[in-house]
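Everything below belongs to protein14.cif, which stores mmCIF, C-alpha atoms.
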data_final
loop_
_atom_site.label_atom_id
_atom_site.label_comp_id
_atom_site.auth_asym_id
_atom_site.auth_seq_id
_atom_site.Cartn_x
_atom_site.Cartn_y
_atom_site.Cartn_z
CA MET V 668 94.83 82.59 54.19
CA ASN V 669 95.60 85.86 52.44
CA LYS V 670 98.52 85.46 50.02
CA HIS V 671 100.39 88.38 51.62
CA ILE V 672 100.73 86.40 54.82
CA SER V 673 103.74 84.11 54.92
CA TYR V 674 102.68 80.72 56.19
CA GLU V 675 106.21 79.79 57.20
CA ARG V 676 106.75 82.86 59.37
CA TYR V 677 103.66 82.17 61.48
CA GLN V 678 103.67 78.36 61.24
CA ARG V 679 104.22 77.75 64.96
CA GLN V 680 101.18 79.75 66.00
CA VAL V 681 98.98 78.78 63.06
CA ILE V 682 99.27 75.10 64.03
CA LEU V 683 97.63 75.90 67.36
CA LYS V 684 94.09 74.70 66.79
CA GLU V 685 92.58 77.55 68.85
CA PHE V 686 94.45 80.06 66.69
CA GLY V 687 94.76 78.58 63.20
CA GLU V 688 94.77 80.36 59.85
CA ALA V 689 91.66 82.26 60.90
CA GLY V 690 93.53 83.73 63.88
CA GLN V 691 96.43 84.75 61.67
CA GLN V 692 94.05 86.44 59.25
CA LYS V 693 92.40 88.35 62.13
CA LEU V 694 95.81 89.60 63.28
CA PHE V 695 96.69 90.64 59.76
CA ASP V 696 93.43 92.59 59.43
CA ALA V 697 93.80 94.29 62.84
CA LYS V 698 94.99 97.85 63.43
CA VAL V 699 96.58 98.57 66.79
CA LEU V 700 97.80 101.94 68.03
CA VAL V 701 100.54 101.70 70.66
CA ILE V 702 100.91 104.87 72.70
CA GLY V 703 104.42 105.21 74.09
CA ALA V 704 107.44 103.37 72.68
CA GLY V 705 109.08 103.07 76.09
CA GLY V 706 109.49 100.30 78.65
CA LEU V 707 106.02 98.85 78.04
CA GLY V 708 105.75 99.86 74.40
CA CYS V 709 108.97 98.16 73.23
CA PRO V 710 108.13 94.55 74.18
CA LEU V 711 104.49 95.12 73.30
CA LEU V 712 105.43 96.36 69.82
CA GLN V 713 107.99 93.63 69.32
CA TYR V 714 105.48 90.85 69.97
CA LEU V 715 102.64 92.48 68.03
CA ALA V 716 104.90 92.95 65.02
CA ALA V 717 106.40 89.46 65.29
CA ALA V 718 102.94 87.91 65.61
CA GLY V 719 101.83 89.62 62.40
CA VAL V 720 99.42 92.37 63.46
CA GLY V 721 98.79 93.95 60.05
CA THR V 722 98.85 97.63 60.94
CA ILE V 723 100.66 99.07 63.94
CA GLY V 724 100.80 102.77 64.81
CA ILE V 725 103.46 104.02 67.22
CA VAL V 726 103.00 107.37 68.94
CA ASP V 727 105.86 108.90 70.90
CA ASP V 728 107.49 112.32 70.73
CA ASP V 729 110.45 111.34 72.89
CA LYS V 730 114.02 110.67 71.86
CA VAL V 731 116.12 107.67 72.88
CA ALA V 732 118.41 108.29 75.86
CA LEU V 733 121.12 106.09 77.37
CA SER V 734 119.09 105.65 80.56
CA ASN V 735 116.28 104.09 78.46
CA LEU V 736 118.35 101.18 77.19
CA HIS V 737 118.10 98.97 80.29
CA ARG V 738 114.41 98.43 79.55
CA GLN V 739 113.55 99.81 76.10
CA ILE V 740 114.82 96.84 74.17
CA LEU V 741 114.13 97.98 70.60
CA PHE V 742 116.91 100.58 70.81
CA SER V 743 120.70 100.50 70.68
CA VAL V 744 123.38 103.06 71.45
CA ASN V 745 123.24 104.15 67.79
CA ASP V 746 119.67 105.34 68.36
CA ILE V 747 120.48 107.74 71.21
CA GLY V 748 119.12 111.19 70.43
CA LYS V 749 116.84 109.88 67.67
CA SER V 750 113.04 109.64 67.58
CA LYS V 751 111.74 106.62 69.51
CA SER V 752 108.71 106.11 67.28
CA GLU V 753 110.80 106.22 64.10
CA ARG V 754 113.60 104.03 65.43
CA ALA V 755 111.09 101.51 66.77
CA ALA V 756 109.26 101.41 63.43
CA ASN V 757 112.55 100.96 61.61
CA TYR V 758 113.56 98.05 63.84
CA LEU V 759 110.18 96.38 63.50
CA ARG V 760 110.18 96.69 59.69
CA GLN V 761 113.32 94.59 59.69
CA LEU V 762 111.72 92.11 62.04
CA ASN V 763 108.58 91.85 59.89
CA PRO V 764 108.47 93.55 56.48
CA GLU V 765 105.01 92.09 55.79
CA ILE V 766 103.18 94.49 58.09
CA ASN V 767 102.41 98.18 57.93
CA LEU V 768 104.15 100.31 60.58
CA ILE V 769 103.27 103.96 61.04
CA ALA V 770 105.46 106.17 63.24
CA TYR V 771 103.88 109.30 64.73
CA ASN V 772 106.76 111.35 66.08
CA LYS V 773 104.49 113.57 68.15
CA ARG V 774 103.00 113.85 71.58
CA ILE V 775 99.45 112.57 71.83
CA THR V 776 97.18 115.19 73.40
CA ASN V 777 93.45 115.82 73.49
CA GLN V 778 93.98 118.02 70.42
CA ASN V 779 95.07 115.15 68.15
CA ALA V 780 94.04 111.97 70.00
CA LEU V 781 90.62 111.43 68.44
CA GLU V 782 91.98 111.83 64.94
CA LEU V 783 95.01 109.60 65.61
CA MET V 784 92.96 106.90 67.27
CA SER V 785 90.07 106.85 64.83
CA ASP V 786 92.08 104.88 62.23
CA PHE V 787 92.76 102.02 64.67
CA ASP V 788 90.64 99.20 66.14
CA TYR V 789 92.57 98.71 69.38
CA ILE V 790 94.43 101.19 71.56
CA ALA V 791 97.29 100.10 73.83
CA ASP V 792 98.41 102.46 76.57
CA GLY V 793 102.10 102.27 77.39
CA SER V 794 102.38 105.93 78.36
CA ASP V 795 104.21 107.12 81.44
CA ASN V 796 102.05 109.84 82.97
CA PHE V 797 98.52 110.35 84.31
CA THR V 798 97.73 113.27 81.99
CA THR V 799 98.07 110.98 78.97
CA ARG V 800 96.48 107.97 80.69
CA TYR V 801 93.25 109.77 81.65
CA MET V 802 93.07 111.46 78.26
CA ILE V 803 93.51 108.12 76.42
CA ASN V 804 90.86 106.49 78.59
CA ASP V 805 88.35 109.24 77.90
CA ALA V 806 89.11 109.18 74.17
CA CYS V 807 88.57 105.40 74.06
CA VAL V 808 85.20 105.83 75.77
CA LEU V 809 84.21 108.56 73.30
CA LEU V 810 85.34 106.52 70.28
CA ASN V 811 84.10 103.24 71.74
CA LYS V 812 87.44 101.47 71.28
CA PRO V 813 88.94 98.72 73.44
CA LEU V 814 91.87 99.87 75.58
CA ILE V 815 94.70 97.52 76.54
CA TYR V 816 96.11 99.06 79.68
CA GLY V 817 99.43 98.48 81.41
CA ALA V 818 101.28 100.48 84.06
CA ILE V 819 104.24 99.90 86.34
CA SER V 820 105.80 101.16 89.52
CA LYS V 821 109.09 99.89 90.92
CA PHE V 822 108.59 96.09 91.11
CA GLU V 823 104.84 95.96 90.42
CA GLY V 824 102.69 96.13 87.34
CA GLN V 825 99.00 96.39 86.45
CA VAL V 826 97.33 95.04 83.31
CA ALA V 827 93.68 95.30 82.22
CA VAL V 828 91.40 95.57 79.21
CA PHE V 829 89.01 98.51 79.43
CA ASN V 830 86.06 99.70 77.41
CA CYS V 831 85.36 96.29 75.99
CA LYS V 832 82.12 94.37 76.50
CA LYS V 833 82.09 90.67 77.31
CA ASN V 834 78.40 90.43 76.44
CA LYS V 835 76.28 92.68 74.28
CA ASP V 836 74.27 94.21 77.12
CA ASP V 837 77.21 94.83 79.45
CA GLU V 838 78.12 98.37 80.48
CA PRO V 839 81.77 98.84 79.41
CA VAL V 840 84.22 99.47 82.28
CA SER V 841 86.70 102.32 81.98
CA TYR V 842 89.90 103.23 83.84
CA ARG V 843 87.82 105.79 85.70
CA ASP V 844 85.80 102.98 87.25
CA LEU V 845 89.03 101.92 88.92
CA PHE V 846 90.49 105.35 89.65
CA PRO V 847 87.81 108.01 88.98
CA THR V 848 90.14 111.00 89.20
CA PRO V 849 93.92 111.43 88.91
CA PRO V 850 96.06 111.59 92.03
CA GLY V 851 97.64 114.90 92.99
CA GLU V 852 101.05 115.73 91.66
CA ASN V 853 102.96 114.46 94.67
CA GLU V 854 100.76 111.53 95.59
CA ILE V 855 102.24 108.97 93.22
CA LEU V 856 105.83 108.82 91.99
CA ASN V 857 106.71 108.18 88.34
CA CYS V 858 109.45 105.85 87.08
CA ALA V 859 112.04 108.59 86.85
CA GLU V 860 111.52 109.36 90.53
CA ALA V 861 110.77 105.90 91.89
CA GLY V 862 112.97 103.75 89.66
CA VAL V 863 112.10 100.54 87.85
CA LEU V 864 113.83 97.23 87.26
CA GLY V 865 114.19 96.79 83.49
CA VAL V 866 112.63 93.32 83.34
CA LEU V 867 109.32 94.47 84.86
CA PRO V 868 108.06 96.53 81.89
CA GLY V 869 109.28 93.62 79.75
CA ILE V 870 106.90 91.30 81.60
CA ILE V 871 103.98 93.72 81.76
CA GLY V 872 104.41 94.90 78.14
CA THR V 873 104.48 91.26 77.04
CA MET V 874 101.30 90.59 79.03
CA MET V 875 99.71 93.54 77.20
CA ALA V 876 100.72 91.99 73.87
CA ASN V 877 99.20 88.70 74.97
CA GLU V 878 95.92 90.41 75.94
CA CYS V 879 95.89 92.29 72.64
CA ILE V 880 96.40 89.11 70.59
CA LYS V 881 93.73 87.26 72.59
CA LEU V 882 91.27 90.11 72.05
CA ILE V 883 91.91 90.29 68.32
CA THR V 884 91.75 86.55 67.70
CA GLY V 885 88.99 85.83 70.20
CA ILE V 886 90.88 83.13 72.06
CA GLY V 887 91.11 82.55 75.82
CA GLU V 888 89.85 84.95 78.43
CA PRO V 889 91.22 88.47 78.01
CA LEU V 890 91.36 90.63 81.16
CA ILE V 891 88.09 92.37 80.30
CA ASP V 892 86.75 94.14 83.43
CA THR V 893 89.62 92.62 85.39
CA LEU V 894 92.72 94.24 86.85
CA LEU V 895 95.71 91.95 87.16
CA THR V 896 98.58 93.00 89.36
CA TYR V 897 101.98 91.33 89.22
CA ASN V 898 104.83 91.62 91.68
CA SER V 899 108.22 90.79 90.20
CA LEU V 900 109.89 90.32 93.60
CA ASN V 901 107.77 87.40 94.77
CA ASN V 902 105.87 86.52 91.55
CA GLU V 903 102.53 87.11 93.25
CA THR V 904 99.59 87.93 91.03
CA TYR V 905 96.28 89.32 92.21
CA GLN V 906 93.13 89.72 90.10
CA ILE V 907 90.30 92.09 90.88
CA ARG V 908 86.90 92.32 89.23
CA LEU V 909 85.86 95.77 88.06
CA SER V 910 82.37 97.02 87.32
CA ALA V 911 80.96 100.06 85.57
CA ASP V 912 79.83 102.78 87.95
CA LYS V 913 77.37 105.34 86.60
CA LYS V 914 78.54 108.06 88.94
CA ASN V 915 81.86 108.21 87.08
CA ASN V 916 80.14 109.04 83.78
CA PRO V 917 80.02 112.82 84.35
CA LEU V 918 83.83 112.79 84.68
CA ILE V 919 84.22 111.78 81.04
CA PRO V 920 83.67 114.44 78.37
CA LYS V 921 80.42 113.88 76.48
CA ASP V 922 81.53 114.83 73.00
CA GLU V 923 84.50 115.79 70.87
CA THR V 924 84.19 119.48 71.70
CA SER V 925 84.23 119.04 75.46
CA PHE V 926 87.05 116.50 75.11
CA THR V 927 89.28 118.95 73.24
CA GLU V 928 88.40 121.71 75.71
CA MET V 929 89.22 119.66 78.78
CA ASN V 930 92.44 120.66 80.48
CA TYR V 931 94.05 117.27 81.18
CA GLU V 932 97.36 118.85 82.07
CA TRP V 933 95.71 120.83 84.84
CA LEU V 934 93.56 117.94 85.93
CA CYS V 935 96.54 115.70 86.53
CA THR V 936 99.13 118.09 87.84
CA ALA V 937 97.16 120.75 89.71
CA THR V 938 98.53 121.04 93.19
CA PRO V 939 95.79 121.03 95.81
CA LYS V 940 96.39 124.72 96.54
CA GLU V 941 95.08 125.80 93.18
CA PHE V 942 91.48 124.81 93.71
CA GLU V 943 91.28 124.04 97.41
CA ILE V 944 90.41 126.76 99.88
CA ASP V 945 90.72 126.51 103.63
CA THR V 946 87.98 127.26 106.14
CA LEU V 947 89.29 130.78 106.80
CA THR V 948 89.05 131.66 103.12
CA LEU V 949 85.53 130.28 102.99
CA GLY V 950 84.73 132.37 106.09
CA SER V 951 85.64 135.53 104.20
CA LEU V 952 84.08 134.39 100.90
CA ILE V 953 80.65 133.89 102.50
CA GLN V 954 80.52 137.64 103.18
CA GLN V 955 80.38 138.20 99.42
CA GLU V 956 77.20 138.09 97.39
CA ASN V 957 78.43 136.63 94.12
CA ILE V 958 79.05 133.16 95.52
CA ASP V 959 77.26 129.83 95.31
CA ILE V 960 78.16 127.21 97.90
CA ILE V 961 77.21 123.65 97.03
CA ASP V 962 76.97 120.61 99.26
CA VAL V 963 77.81 117.71 96.94
CA ARG V 964 77.13 114.99 99.53
CA GLU V 965 74.14 112.66 99.31
CA LEU V 966 70.96 114.41 100.46
CA ASN V 967 70.72 112.65 103.84
CA GLU V 968 74.32 113.15 104.94
CA LYS V 969 75.05 115.01 108.17
CA PRO V 970 76.13 117.35 109.65
CA ASP V 971 74.18 120.26 108.18
CA THR V 972 75.29 123.79 108.93
CA ASN V 973 73.47 127.08 109.46
CA ASP V 974 76.63 129.13 109.11
CA PHE V 975 75.97 129.93 105.45
CA ASN V 976 73.40 129.29 102.73
CA TYR V 977 74.11 126.52 100.30
CA LEU V 978 72.60 124.44 97.53
CA LYS V 979 72.39 120.68 97.86
CA ILE V 980 73.39 118.91 94.63
CA PRO V 981 74.83 115.39 95.12
CA LEU V 982 78.02 114.70 93.16
CA ASP V 983 76.44 112.30 90.70
CA GLU V 984 73.75 114.85 89.78
CA LEU V 985 76.10 117.79 89.17
CA GLY V 986 76.45 116.95 85.50
CA LYS V 987 72.78 117.57 84.71
CA ASN V 988 71.40 119.45 87.70
CA ASN V 989 73.44 122.66 87.68
CA SER V 990 71.05 125.36 86.46
CA LYS V 991 70.78 126.77 90.02
CA ILE V 992 74.46 127.69 89.98
CA LYS V 993 74.29 131.35 88.97
CA ASN V 994 77.19 133.18 90.59
CA GLY V 995 80.77 133.72 89.45
CA ILE V 996 82.37 132.08 92.47
CA VAL V 997 81.46 128.51 93.34
CA VAL V 998 82.62 126.66 96.45
CA THR V 999 81.86 122.97 96.74
CA PHE V 1000 82.08 120.97 99.92
CA CYS V 1001 81.49 117.43 101.14
CA GLN V 1002 82.41 115.54 104.29
CA THR V 1003 86.20 115.58 103.94
CA GLY V 1004 87.05 117.39 100.70
CA LYS V 1005 87.49 114.36 98.45
CA ARG V 1006 84.19 114.38 96.59
CA SER V 1007 84.21 118.17 96.36
CA ALA V 1008 87.58 117.92 94.58
CA GLN V 1009 85.85 115.70 92.03
CA ALA V 1010 83.02 118.23 91.88
CA VAL V 1011 85.53 120.94 90.91
CA GLU V 1012 86.62 118.76 88.02
CA ILE V 1013 83.04 118.25 86.81
CA LEU V 1014 82.02 121.90 87.21
CA SER V 1015 85.22 123.18 85.61
CA ARG V 1016 84.30 121.24 82.53
CA ILE V 1017 80.73 122.49 82.50
CA PHE V 1018 81.54 126.16 83.05
CA LYS V 1019 84.83 126.20 81.11
CA GLY V 1020 86.55 129.05 82.88
CA GLN V 1021 83.42 131.22 83.20
CA LYS V 1022 83.41 130.72 86.97
CA LYS V 1023 85.98 130.38 89.71
CA ILE V 1024 85.38 126.98 91.25
CA TYR V 1025 86.81 125.82 94.56
CA SER V 1026 86.66 122.90 96.95
CA LEU V 1027 86.63 123.29 100.73
CA LYS V 1028 89.77 121.57 102.00
CA GLY V 1029 88.94 119.10 104.77
CA GLY V 1030 85.21 119.44 104.05
CA ILE V 1031 82.44 120.25 106.49
CA MET V 1032 84.26 118.25 109.18
CA GLN V 1033 87.14 120.72 109.05
CA TRP V 1034 84.67 123.63 109.09
CA GLU V 1035 83.00 122.28 112.24
CA LYS V 1036 86.34 121.51 113.86
CA GLN V 1037 87.66 124.99 113.21
CA LYS V 1038 84.48 126.46 114.74
CA GLN V 1039 84.95 124.40 117.89
CA ASP V 1040 88.60 125.38 118.07
CA HIS V 1041 87.51 129.01 118.24
CA GLU V 1042 84.84 128.48 120.88
CA MET W 710 88.75 91.07 119.33
CA SER W 711 89.07 89.83 115.80
CA TYR W 712 91.43 91.21 113.22
CA MET W 713 91.18 91.69 109.51
CA GLU W 714 94.04 91.32 107.08
CA ILE W 715 94.69 93.92 104.40
CA ILE W 716 96.83 93.38 101.33
CA LEU W 717 98.78 96.44 100.21
CA PHE W 718 100.13 97.34 96.80
CA GLY W 719 102.47 99.91 95.32
CA GLN W 720 103.71 102.71 97.51
CA LEU W 721 101.31 101.78 100.32
CA ARG W 722 103.75 98.93 100.99
CA ASP W 723 106.55 101.41 101.42
CA LEU W 724 104.41 103.65 103.62
CA ALA W 725 103.35 100.77 105.89
CA GLY W 726 106.68 98.95 105.66
CA SER W 727 104.90 95.70 104.85
CA ASN W 728 102.93 93.89 102.14
CA ARG W 729 100.16 92.98 104.56
CA ILE W 730 98.82 94.65 107.66
CA SER W 731 96.19 93.50 110.12
CA ILE W 732 93.92 95.83 112.03
CA ASN W 733 90.91 95.50 114.30
CA ALA W 734 87.88 94.18 112.44
CA MET W 735 85.78 97.08 111.15
CA SER W 736 82.09 97.06 110.31
CA ASP W 737 82.39 98.76 106.94
CA THR W 738 84.89 100.26 104.49
CA ASN W 739 84.24 103.79 105.75
CA GLU W 740 85.23 102.79 109.29
CA LEU W 741 88.18 100.92 107.86
CA GLN W 742 89.49 104.01 106.08
CA LYS W 743 89.11 106.12 109.20
CA GLU W 744 91.09 103.56 111.19
CA LEU W 745 93.74 103.33 108.48
CA ASN W 746 94.14 107.10 108.45
CA ILE W 747 94.76 107.02 112.21
CA ARG W 748 97.18 104.10 112.07
CA TYR W 749 98.91 105.23 108.86
CA PRO W 750 98.44 109.00 108.43
CA ALA W 751 100.37 108.94 105.13
CA PHE W 752 97.58 106.81 103.64
CA ALA W 753 95.23 109.78 103.88
CA ASN W 754 97.34 111.64 101.31
CA THR W 755 97.56 108.71 98.92
CA LYS W 756 94.99 107.83 96.31
CA TYR W 757 94.01 104.16 96.19
CA ALA W 758 91.16 101.89 95.15
CA ILE W 759 89.69 99.45 97.66
CA ALA W 760 88.86 95.88 96.70
CA VAL W 761 86.73 93.72 98.98
CA ASP W 762 86.77 90.00 98.19
CA LYS W 763 88.54 90.81 94.92
CA LYS W 764 85.93 93.28 93.70
CA ILE W 765 86.54 97.01 93.42
CA ILE W 766 84.02 98.93 95.52
CA SER W 767 82.54 102.28 94.55
CA LYS W 768 80.63 102.98 97.77
CA THR W 769 80.79 102.01 101.43
CA VAL W 770 80.24 98.28 101.88
CA PRO W 771 79.88 96.19 105.06
CA LEU W 772 82.86 94.09 106.14
CA ASN W 773 83.31 91.02 108.27
CA ALA W 774 86.37 89.33 109.71
CA GLU W 775 86.59 87.04 106.67
CA SER W 776 86.56 89.89 104.16
CA GLU W 777 89.63 89.97 101.95
CA ILE W 778 90.65 93.59 101.57
CA ALA W 779 93.20 95.00 99.13
CA LEU W 780 94.30 98.61 98.67
CA LEU W 781 95.59 99.49 95.21
CA PRO W 782 97.17 102.81 94.27
CA PRO W 783 97.29 103.87 90.61
CA PHE W 784 100.57 103.47 88.69
CA SER W 785 101.61 105.89 85.99
CA GLY W 786 104.89 104.34 84.87
CA GLY W 787 105.45 102.94 81.42
#
Do you think you could lay out the structure here as structure tokens?
Amino acid sequence: MNKHISYERYQRQVILKEFGEAGQQKLFDAKVLVIGAGGLGCPLLQYLAAAGVGTIGIVDDDKVALSNLHRQILFSVNDIGKSKSERAANYLRQLNPEINLIAYNKRITNQNALELMSDFDYIADGSDNFTTRYMINDACVLLNKPLIYGAISKFEGQVAVFNCKKNKDDEPVSYRDLFPTPPGENEILNCAEAGVLGVLPGIIGTMMANECIKLITGIGEPLIDTLLTYNSLNNETYQIRLSADKKNNPLIPKDETSFTEMNYEWLCTATPKEFEIDTLTLGSLIQQENIDIIDVRELNEKPDTNDFNYLKIPLDELGKNNSKIKNGIVVTFCQTGKRSAQAVEILSRIFKGQKKIYSLKGGIMQWEKQKQDHE
Amino acid sequence: MSYMEIILFGQLRDLAGSNRISINAMSDTNELQKELNIRYPAFANTKYAIAVDKKIISKTVPLNAESEIALLPPFSGG
């Protein structure tokens, strides 16, 4: 074992035969970036640091507040108003002076994520919003780095390991294979709105630390391609197998340039009104000449309509098969408006503001219904 | 008439007022969602993943009365 590693400090885990000195050395050599030093990040960081992970980065631009202290256990009243990442790093240096702690007192965005993450082997997501979560997922796919994921709501938590192959030939599974696109702004409440019992992030953050340590040391069965849910009220757990789905690939930026140009803020907070149009608006738009209407359903899906001309490009082909889209206004539709909302996301990335891109709210079903209502 | 049991997570529990619901057996997940949207209109405005027999599905799959169905909304909290 490396002479910088104190045998005494780690004695209780080193004597585990599955772990041993080799496991301790792997932890010491590992570099983990923890995004968010909040409810999940605090216990996660505490156990990673205590276990002897050699290099730990902490990204958070937030400051400690009194209402954090019931769950963010690295902080005390003396820390209120101070940088979370710096206070957490300071606390952890006292816990374990043998490891390297790097505080990034900044907000991680698609402008700095690739650079921040490139120095680390493992990324742990303890963030508290969908904008950051989708951005981190996409960055991990681009950089080909394992993602230890945790998220909570009220009394329930989710844990998983994404973008990590069990076997060489496996297709890695990403967060987008579970939830391809973010929910609308009002669809899912965050902790500030919904509330959270302080122990829950403690449990989920600790589970994340456990997954991280298992991944690094190669012991046990990490939650690769598996979502674990935990309910703190009745202690029920539920595990679900995930699999890679090719049709989600176009949702993820292909390279660094398209990643930095993607508007994650818009993607995750856009209210439906901004890109959805109703049937009446479509009715007036089809009078114009500079418009392309695209049916993004599978080719055999019914009903068809003769009310306007449209191109047929199924959702999973939009990424490559879009040369026929020539006009400045693009309206996508599907059966109910769900897939066309995804289509807006894909096309917005391809055309980067050069076109106005909309989705027909309620889809072709709503169009047909509105026609009948008028007859 | 046979019924199928559905396990709910996250805010779907609040919307349905229960951790589990049972509805008439449906032939596939598409039919199931239509029925859910009729029985629980608030579900239509909520994003969730569907798991059948503990596997996340990415397209419509056939169901039978023994299918174990779970609906999982995304969580953002940290």
Can you write out as CSV which residues of chain W fall within 6 Å of chain V, alongside each residue's closest atom pair and its distance in Å to one decimal, counting all atoms listed in the file and ordering rows by chain and ascending residue number?
residue,atom,partner,partner_atom,distance
W:Thr755,CA,V:Glu854,CA,5.4
W:Lys756,CA,V:Pro850,CA,5.8
W:Lys763,CA,V:Ile907,CA,4.6
W:Lys764,CA,V:Arg908,CA,4.7
W:Ile765,CA,V:Leu909,CA,5.5
W:Phe784,CA,V:Ala818,CA,5.6
W:Ser785,CA,V:Asn796,CA,5.0
W:Gly786,CA,V:Asp795,CA,4.5
W:Gly787,CA,V:Asp795,CA,4.4
Resulting file, chosen residues, C-alpha atoms, as an mmCIF file, in the frame of the given file:
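Result saved to part32.cif:
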data_model
loop_
_atom_site.group_PDB
_atom_site.id
_atom_site.type_symbol
_atom_site.label_atom_id
_atom_site.label_comp_id
_atom_site.auth_asym_id
_atom_site.auth_seq_id
_atom_site.Cartn_x
_atom_site.Cartn_y
_atom_site.Cartn_z
ATOM 1 C CA THR W 755 97.560 108.710 98.920
ATOM 2 C CA LYS W 756 94.990 107.830 96.310
ATOM 3 C CA LYS W 763 88.540 90.810 94.920
ATOM 4 C CA LYS W 764 85.930 93.280 93.700
ATOM 5 C CA ILE W 765 86.540 97.010 93.420
ATOM 6 C CA PHE W 784 100.570 103.470 88.690
ATOM 7 C CA SER W 785 101.610 105.890 85.990
ATOM 8 C CA GLY W 786 104.890 104.340 84.870
ATOM 9 C CA GLY W 787 105.450 102.940 81.420
#
Cut-off 12 Å: closest stretch 810-868 of chain V/stretch 697-700 of chain V atom pairs per residue, using only C-alpha atoms, as CSV:
residue,atom,partner,partner_atom,distance
V:Lys812,CA,V:Val699,CA,10.6
V:Pro813,CA,V:Val699,CA,10.1
V:Leu814,CA,V:Leu700,CA,9.8
V:Ile815,CA,V:Val699,CA,10.0
Item to check | Ref. answer, residues at most 8 Å from (90.4, 130.3, 111.2) with only C-alpha atoms, as a PyMOL selection string | outcome: chain V and resi 946-947+950+1037-1038+1041
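Between atom CA of V:Lys1022 and atom CA of V:Ile996 the interatomic distance comes to 5.8 Å.
Here the question is which of V:Asn735, V:Ile960, V:Leu694, V:Asp971 gets nearest to V:Lys991 using all atoms listed in the file, and that residue is V:Ile960.
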Item to check | Residues returned when the PyMOL selection byres ((chain W and resi 717) around 12) runs on this file, as a PyMOL selection string | outcome: (chain V and resi 823+896+898+905) or (chain W and resi 714-716+718-731+745+752+757-760+777-782)
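Applied to the shown file, the PyMOL selection byres ((chain V and resi 1009-1013) around 8) selects the residues Thr848, Pro917, Leu918, Leu934, Phe942, Val963, Leu982, Leu985, Gly986, Thr999, Lys1005, Arg1006, Ser1007, Ala1008, Leu1014, Ser1015, Arg1016, Ile1017, Ile1024, Tyr1025 and Ser1026 of chain V.
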Could the residues in this selection be written to a file with C-alpha atoms, as a PDB file, in the coordinates of the input?
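Now in selection39.pdb:
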ATOM      1  CA  THR V 848      90.140 111.000  89.200  1.00  0.00           C
ATOM      2  CA  PRO V 917      80.020 112.820  84.350  1.00  0.00           C
ATOM      3  CA  LEU V 918      83.830 112.790  84.680  1.00  0.00           C
ATOM      4  CA  LEU V 934      93.560 117.940  85.930  1.00  0.00           C
ATOM      5  CA  PHE V 942      91.480 124.810  93.710  1.00  0.00           C
ATOM      6  CA  VAL V 963      77.810 117.710  96.940  1.00  0.00           C
ATOM      7  CA  LEU V 982      78.020 114.700  93.160  1.00  0.00           C
ATOM      8  CA  LEU V 985      76.100 117.790  89.170  1.00  0.00           C
ATOM      9  CA  GLY V 986      76.450 116.950  85.500  1.00  0.00           C
ATOM     10  CA  THR V 999      81.860 122.970  96.740  1.00  0.00           C
ATOM     11  CA  LYS V1005      87.490 114.360  98.450  1.00  0.00           C
ATOM     12  CA  ARG V1006      84.190 114.380  96.590  1.00  0.00           C
ATOM     13  CA  SER V1007      84.210 118.170  96.360  1.00  0.00           C
ATOM     14  CA  ALA V1008      87.580 117.920  94.580  1.00  0.00           C
ATOM     15  CA  LEU V1014      82.020 121.900  87.210  1.00  0.00           C
ATOM     16  CA  SER V1015      85.220 123.180  85.610  1.00  0.00           C
ATOM     17  CA  ARG V1016      84.300 121.240  82.530  1.00  0.00           C
ATOM     18  CA  ILE V1017      80.730 122.490  82.500  1.00  0.00           C
ATOM     19  CA  ILE V1024      85.380 126.980  91.250  1.00  0.00           C
ATOM     20  CA  TYR V1025      86.810 125.820  94.560  1.00  0.00           C
ATOM     21  CA  SER V1026      86.660 122.900  96.950  1.00  0.00           C
TER      22      SER V1026
END
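Across the model, the gap from atom CA of V:Asp945 to atom CA of V:Gln1002 is 13.8 Å.
You will find atom CA of V:Arg964 at 20.8 Å from atom CA of W:Asn746.
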Checklist entry - What does the PyMOL selection byres ((chain V and resi 713-720) around 8) select in this file, as a VMD selection string? => result chain V and resid 677 691 694 to 699 709 to 712 721 to 723 741 759 762 to 763 765 to 766 873 876 880
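With all atoms listed in the file as the atoms that count, the minimum distance from V:Gln1033 to the choices V:Arg760, V:Arg738, V:Ile944, V:Phe975 is reached by V:Ile944.
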Checklist entry - Using all atoms listed in the file, can you list as a PyMOL selection string the residues within 8 Å of (95.5, 94.8, 78.8)? => result chain V and resi 791+814-817+826-829+874-876+878-879+889-891
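Closest approach to V:Leu882 among V:Arg679, V:Phe686, V:Lys987, V:Leu768: V:Phe686, based on all atoms listed in the file.
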